[in-house]
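J.: Below is a structure I'd like to ask you about.
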Amino acid sequence: SSGINAEYGIPTYYKTVKYNGTRFLALSDACFGFAKPCGADVKVGLVDFNSLDNDIKREAHKKKTLGIGRTLGFRFAGANVYNKLDGSVEKFDKEWGLSFTEQNAALKTEEYFNNKVEIRRDVIPLNYQ
């Protein structure tokens with residue numbers, strides 16, 4: 001089984017692990033069973049740092065979340081999109097995610113849901129449309 005919550009399409013949480021002094025969430029593989037998965041690393045929230053972080057770490061996180069992360073409360077850190085026309089997988093990197101602005105956020109998000117044949121509105125939960 002993929003360990004994906006079918007209703008919401010989110011990975012199953014297994015446990016929290018500590019590695020080199022940092023805590024991480026152990027989640028199921030959201031791409032399990034897919035030949036050409038489309039996925040995105042989306043950071044959600046207006047704050048992208050822990051209140052217990054030192055000032056240097058907090059400032060580094062603030063620089064990463066300039067732009068849309070601070071205004072709309074989300075940012076793409078990266079994504080893979082399947083191109084249905086030629087069968088390739090297009091990679092969107094961190095710079096693509098940081099290029100979002102309040103003015104272009106809707107169009108940039110459509111880029112992620114566009115498989116070059118159609119914009120996959122059927123996979124966007126209704127509360128995000």
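Here's how to read the names in the structure tokens: chain A, B, ... by the order shown, residue numbers from 1 in each chain, ligand numbers from 1 in the order shown.
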When you look at Phe113 in chain A with a cut-off of 12 Å (counting only C-alpha atoms), what residues show up, excluding the ones that are within fewer than 3 positions of it in the same chain? I need them as a count of residues only.

T.: 26

J.: Would you mind listing what lies within 8 Å of Leu25 in chain A as number ranges by chain, with only C-alpha atoms counted and same-chain residues fewer than 6 positions away left out?

T.: A: 13-17

J.: If DSSP is run on the backbone, what residues of range 30-95 of chain A are strand (DSSP E)? A reply as a list in words would be ideal.

T.: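 Matching residues, listed in order: Gly39, Ala40, Asp41, Val42, Lys43, Val44, Phe74, Arg75, Phe76, Ala77, Gly78, Ala79, Asn80, Val81, Tyr82, Val89, Glu90, Lys91 and Phe92 of chain A.
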
J.: Using the selection just defined, write its residues with N, CA and C atoms as a PDB file, in the first residue's frame.

T.:
ATOM      1  N   GLY A  39       4.645  15.843  -8.138  1.00  0.00           N
ATOM      2  CA  GLY A  39       4.652  16.148  -6.719  1.00  0.00           C
ATOM      3  C   GLY A  39       5.230  17.522  -6.496  1.00  0.00           C
ATOM      4  N   ALA A  40       4.908  18.062  -5.344  1.00  0.00           N
ATOM      5  CA  ALA A  40       5.412  19.383  -5.006  1.00  0.00           C
ATOM      6  C   ALA A  40       5.783  19.431  -3.534  1.00  0.00           C
ATOM      7  N   ASP A  41       6.831  20.148  -3.249  1.00  0.00           N
ATOM      8  CA  ASP A  41       7.219  20.443  -1.882  1.00  0.00           C
ATOM      9  C   ASP A  41       6.683  21.838  -1.618  1.00  0.00           C
ATOM     10  N   VAL A  42       5.588  21.900  -0.875  1.00  0.00           N
ATOM     11  CA  VAL A  42       4.930  23.178  -0.602  1.00  0.00           C
ATOM     12  C   VAL A  42       5.081  23.495   0.874  1.00  0.00           C
ATOM     13  N   LYS A  43       5.599  24.656   1.154  1.00  0.00           N
ATOM     14  CA  LYS A  43       5.733  25.128   2.527  1.00  0.00           C
ATOM     15  C   LYS A  43       4.490  25.942   2.832  1.00  0.00           C
ATOM     16  N   VAL A  44       3.823  25.600   3.928  1.00  0.00           N
ATOM     17  CA  VAL A  44       2.578  26.258   4.284  1.00  0.00           C
ATOM     18  C   VAL A  44       2.748  26.992   5.605  1.00  0.00           C
ATOM     19  N   PHE A  74       2.030  30.481   1.681  1.00  0.00           N
ATOM     20  CA  PHE A  74       2.547  29.246   1.093  1.00  0.00           C
ATOM     21  C   PHE A  74       3.634  29.584   0.093  1.00  0.00           C
ATOM     22  N   ARG A  75       4.483  28.605  -0.161  1.00  0.00           N
ATOM     23  CA  ARG A  75       5.460  28.758  -1.235  1.00  0.00           C
ATOM     24  C   ARG A  75       5.855  27.373  -1.726  1.00  0.00           C
ATOM     25  N   PHE A  76       6.154  27.279  -2.996  1.00  0.00           N
ATOM     26  CA  PHE A  76       6.642  26.045  -3.590  1.00  0.00           C
ATOM     27  C   PHE A  76       8.162  26.015  -3.417  1.00  0.00           C
ATOM     28  N   ALA A  77       8.670  24.929  -2.850  1.00  0.00           N
ATOM     29  CA  ALA A  77      10.119  24.773  -2.732  1.00  0.00           C
ATOM     30  C   ALA A  77      10.666  23.964  -3.906  1.00  0.00           C
ATOM     31  N   GLY A  78       9.788  23.341  -4.656  1.00  0.00           N
ATOM     32  CA  GLY A  78      10.170  22.540  -5.811  1.00  0.00           C
ATOM     33  C   GLY A  78       8.997  21.679  -6.243  1.00  0.00           C
ATOM     34  N   ALA A  79       9.037  21.190  -7.478  1.00  0.00           N
ATOM     35  CA  ALA A  79       7.929  20.372  -7.985  1.00  0.00           C
ATOM     36  C   ALA A  79       8.362  19.599  -9.221  1.00  0.00           C
ATOM     37  N   ASN A  80       7.672  18.508  -9.479  1.00  0.00           N
ATOM     38  CA  ASN A  80       7.815  17.725 -10.705  1.00  0.00           C
ATOM     39  C   ASN A  80       6.448  17.664 -11.367  1.00  0.00           C
ATOM     40  N   VAL A  81       6.415  17.908 -12.671  1.00  0.00           N
ATOM     41  CA  VAL A  81       5.151  17.908 -13.403  1.00  0.00           C
ATOM     42  C   VAL A  81       5.273  17.026 -14.636  1.00  0.00           C
ATOM     43  N   TYR A  82       4.349  16.116 -14.791  1.00  0.00           N
ATOM     44  CA  TYR A  82       4.320  15.204 -15.933  1.00  0.00           C
ATOM     45  C   TYR A  82       3.786  15.924 -17.154  1.00  0.00           C
ATOM     46  N   VAL A  89       9.097  14.515 -17.616  1.00  0.00           N
ATOM     47  CA  VAL A  89       8.764  15.111 -16.328  1.00  0.00           C
ATOM     48  C   VAL A  89       9.546  16.413 -16.215  1.00  0.00           C
ATOM     49  N   GLU A  90       8.818  17.511 -16.071  1.00  0.00           N
ATOM     50  CA  GLU A  90       9.437  18.827 -15.952  1.00  0.00           C
ATOM     51  C   GLU A  90       9.697  19.120 -14.484  1.00  0.00           C
ATOM     52  N   LYS A  91      10.889  19.609 -14.177  1.00  0.00           N
ATOM     53  CA  LYS A  91      11.258  19.931 -12.802  1.00  0.00           C
ATOM     54  C   LYS A  91      11.189  21.439 -12.597  1.00  0.00           C
ATOM     55  N   PHE A  92      10.493  21.832 -11.540  1.00  0.00           N
ATOM     56  CA  PHE A  92      10.437  23.230 -11.126  1.00  0.00           C
ATOM     57  C   PHE A  92      11.304  23.352  -9.876  1.00  0.00           C
TER      58      PHE A  92
END

J.: Record the distance separating CA of Trp96 in chain A and CA of Ser28 in chain A, expressed in Å with one decimal.

T.: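 If I compute the distance from CA of Trp96 in chain A to CA of Ser28 in chain A, I get 25.9 Å.
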
J.: For CA of Pro11 in chain A and CA of Leu27 in chain A, determine how far apart the two atoms are, in Å to one decimal place.

T.: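 Going from CA of Pro11 in chain A over to CA of Leu27 in chain A covers 5.9 Å.
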